[in-house]
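Asker: Data: coords_35.pdb, PDB, C-alpha atoms.
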ATOM      1  CA  GLU A   1      20.003   3.699 -19.380
ATOM      2  CA  ASP A   2      19.107   4.429 -22.984
ATOM      3  CA  PHE A   3      16.730   7.399 -22.819
ATOM      4  CA  ILE A   4      15.586   7.033 -26.446
ATOM      5  CA  ARG A   5      14.850   3.284 -26.388
ATOM      6  CA  ASP A   6      11.403   2.061 -27.408
ATOM      7  CA  ARG A   7       9.438   1.174 -24.249
ATOM      8  CA  VAL A   8       6.515  -0.404 -26.129
ATOM      9  CA  ASP A   9       8.140  -3.845 -26.001
ATOM     10  CA  GLU A  10       8.748  -3.692 -22.239
ATOM     11  CA  PRO A  11       6.339  -5.468 -19.872
ATOM     12  CA  PRO A  12       4.046  -3.152 -17.922
ATOM     13  CA  ALA A  13       5.120  -2.216 -14.408
ATOM     14  CA  LEU A  14       3.562  -4.102 -11.520
ATOM     15  CA  HIS A  15       1.379  -2.129  -9.118
ATOM     16  CA  ALA A  16       0.216  -2.977  -5.617
ATOM     17  CA  ARG A  17      -3.457  -3.636  -4.888
ATOM     18  CA  VAL A  18      -5.038  -4.093  -1.481
ATOM     19  CA  VAL A  19      -7.474  -6.986  -1.170
ATOM     20  CA  LEU A  20      -9.704  -6.554   1.853
ATOM     21  CA  LEU A  21     -11.361  -9.755   3.075
ATOM     22  CA  ARG A  22     -14.345  -8.651   5.113
ATOM     23  CA  ASP A  23     -16.462 -10.564   7.550
ATOM     24  CA  ARG A  24     -19.769  -9.394   8.870
ATOM     25  CA  PRO A  25     -18.923  -7.124  11.821
ATOM     26  CA  ILE A  26     -19.958  -8.150  15.313
ATOM     27  CA  GLY A  27     -21.726  -5.303  17.028
ATOM     28  CA  GLY A  28     -21.168  -3.002  14.062
ATOM     29  CA  LEU A  29     -17.438  -2.599  14.767
ATOM     30  CA  THR A  30     -15.271  -2.904  11.679
ATOM     31  CA  ALA A  31     -11.900  -1.651  10.494
ATOM     32  CA  ALA A  32     -12.961  -1.806   6.826
ATOM     33  CA  PRO A  33     -13.652   1.939   6.399
ATOM     34  CA  ALA A  34     -10.280   2.847   7.922
ATOM     35  CA  ALA A  35      -8.451   0.328   5.718
ATOM     36  CA  ARG A  36     -10.307   1.577   2.632
ATOM     37  CA  ASP A  37      -9.510   5.225   3.435
ATOM     38  CA  LEU A  38      -5.851   4.423   4.082
ATOM     39  CA  ALA A  39      -5.444   2.584   0.764
ATOM     40  CA  LEU A  40      -7.239   5.284  -1.203
ATOM     41  CA  SER A  41      -5.222   8.055   0.482
ATOM     42  CA  HIS A  42      -2.103   6.415  -0.991
ATOM     43  CA  ASP A  43      -3.707   6.076  -4.455
ATOM     44  CA  THR A  44      -3.651   2.296  -4.094
ATOM     45  CA  PRO A  45      -6.515   0.398  -5.708
ATOM     46  CA  ILE A  46      -8.582  -1.736  -3.362
ATOM     47  CA  SER A  47     -10.818  -4.761  -3.867
ATOM     48  CA  GLU A  48     -13.233  -5.788  -1.150
ATOM     49  CA  LEU A  49     -14.479  -9.347  -0.817
ATOM     50  CA  GLU A  50     -17.288 -10.235   1.543
ATOM     51  CA  PRO A  51     -18.600 -13.794   1.867
ATOM     52  CA  GLU A  52     -22.220 -14.675   1.264
ATOM     53  CA  ALA A  53     -24.553 -15.039   4.218
ATOM     54  CA  GLY A  54     -24.037 -18.219   6.201
ATOM     55  CA  ASP A  55     -22.882 -19.503   9.548
ATOM     56  CA  GLU A  56     -19.390 -18.804  10.892
ATOM     57  CA  LEU A  57     -17.859 -22.010   9.517
ATOM     58  CA  GLU A  58     -19.202 -21.379   6.008
ATOM     59  CA  THR A  59     -17.942 -17.792   6.117
ATOM     60  CA  LEU A  60     -14.481 -18.888   7.207
ATOM     61  CA  ALA A  61     -14.353 -21.624   4.566
ATOM     62  CA  GLU A  62     -15.301 -19.166   1.826
ATOM     63  CA  LEU A  63     -12.620 -16.658   2.843
ATOM     64  CA  ILE A  64      -9.982 -19.398   3.057
ATOM     65  CA  ALA A  65     -11.012 -20.724  -0.369
ATOM     66  CA  VAL A  66     -10.579 -17.275  -1.936
ATOM     67  CA  THR A  67      -7.054 -16.909  -0.565
ATOM     68  CA  ASP A  68      -6.192 -20.498  -1.509
ATOM     69  CA  PHE A  69      -7.351 -20.020  -5.126
ATOM     70  CA  ALA A  70      -5.459 -16.716  -5.338
ATOM     71  CA  ALA A  71      -2.251 -18.363  -4.133
ATOM     72  CA  VAL A  72      -2.555 -21.137  -6.736
ATOM     73  CA  TYR A  73      -3.269 -18.680  -9.573
ATOM     74  CA  LEU A  74      -0.325 -16.479  -8.578
ATOM     75  CA  THR A  75       1.945 -19.509  -8.463
ATOM     76  CA  LEU A  76       0.822 -20.606 -11.917
ATOM     77  CA  ALA A  77       1.201 -17.085 -13.303
ATOM     78  CA  SER A  78       4.732 -16.765 -11.935
ATOM     79  CA  GLY A  79       5.789 -19.915 -13.788
ATOM     80  CA  ALA A  80       7.049 -21.597 -10.631
TER      81      ALA A  80
END
Rewrite the structure from the file as structure tokens, please.
Answerer:
Amino acid sequence: EDFIRDRVDEPPALHARVVLLRDRPIGGLTAAPAARDLALSHDTPISELEPEAGDELETLAELIAVTDFAAVYLTLASGA
């Protein structure tokens, strides 16, 4: 490896990010705080997505739509 090479032209390194899809907890029980603390303890950025208020089917559809859109965008960005 050339120690003196110019690294300005190199693409930035990829970093992991946790995306937490949250549903409204039933009975107040949720693993979200534990997941958040675990990610932050490893200095990993975290994004939390919670669907808007609605019935169970609407909530599920919204969470599925988010993951579906993300998969399409990642596919397009990868050039596949």
Asker: Give me, please, the distance in Å between CA of Ala61 in chain A and CA of Asp23 in chain A, quoted to one decimal.
Answerer: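 Value for the CA of Ala61 in chain A-CA of Asp23 in chain A distance: 11.6 Å.
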Asker: What does the distance between CA of His42 in chain A and CA of Arg17 in chain A come to in Å, to one decimal place?
Answerer: 10.9 Å
Asker: How far is it from CA of Ala13 in chain A to CA of Ser47 in chain A, in Å with one decimal?
Answerer: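 Those two atoms sit 19.3 Å apart.
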Asker: Would you please work out which residue, of A:Leu60, A:Leu21, A:Ala70, A:Ala16, is nearest to Ala39 in chain A when using only C-alpha atoms?
Answerer: A:Ala16
Asker: Residues at most 12 Å from Glu48 in chain A, counting all atoms listed in the file, excluding those fewer than 5 positions away in the same chain, as a PyMOL selection string?
Answerer: chain A and resi 17-23+32-33+35-36+39+63+66
Asker: Within 12 Å of Arg24 in chain A, counting all atoms listed in the file, which residues show up once you throw out same-chain ones fewer than 2 positions away? Write them as a PDB file with C-alpha atoms, in the frame of the given file, please.
Answerer:
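And here's out-v5.pdb as it stands now:
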ATOM      1  CA  LEU A  21     -11.361  -9.755   3.075  1.00  0.00           C
ATOM      2  CA  ARG A  22     -14.345  -8.651   5.113  1.00  0.00           C
ATOM      3  CA  ILE A  26     -19.958  -8.150  15.313  1.00  0.00           C
ATOM      4  CA  GLY A  27     -21.726  -5.303  17.028  1.00  0.00           C
ATOM      5  CA  GLY A  28     -21.168  -3.002  14.062  1.00  0.00           C
ATOM      6  CA  LEU A  29     -17.438  -2.599  14.767  1.00  0.00           C
ATOM      7  CA  THR A  30     -15.271  -2.904  11.679  1.00  0.00           C
ATOM      8  CA  ALA A  31     -11.900  -1.651  10.494  1.00  0.00           C
ATOM      9  CA  ALA A  32     -12.961  -1.806   6.826  1.00  0.00           C
ATOM     10  CA  LEU A  49     -14.479  -9.347  -0.817  1.00  0.00           C
ATOM     11  CA  GLU A  50     -17.288 -10.235   1.543  1.00  0.00           C
ATOM     12  CA  PRO A  51     -18.600 -13.794   1.867  1.00  0.00           C
ATOM     13  CA  GLU A  52     -22.220 -14.675   1.264  1.00  0.00           C
ATOM     14  CA  ALA A  53     -24.553 -15.039   4.218  1.00  0.00           C
ATOM     15  CA  GLY A  54     -24.037 -18.219   6.201  1.00  0.00           C
ATOM     16  CA  ASP A  55     -22.882 -19.503   9.548  1.00  0.00           C
ATOM     17  CA  GLU A  56     -19.390 -18.804  10.892  1.00  0.00           C
ATOM     18  CA  THR A  59     -17.942 -17.792   6.117  1.00  0.00           C
ATOM     19  CA  LEU A  60     -14.481 -18.888   7.207  1.00  0.00           C
ATOM     20  CA  LEU A  63     -12.620 -16.658   2.843  1.00  0.00           C
TER      21      LEU A  63
END
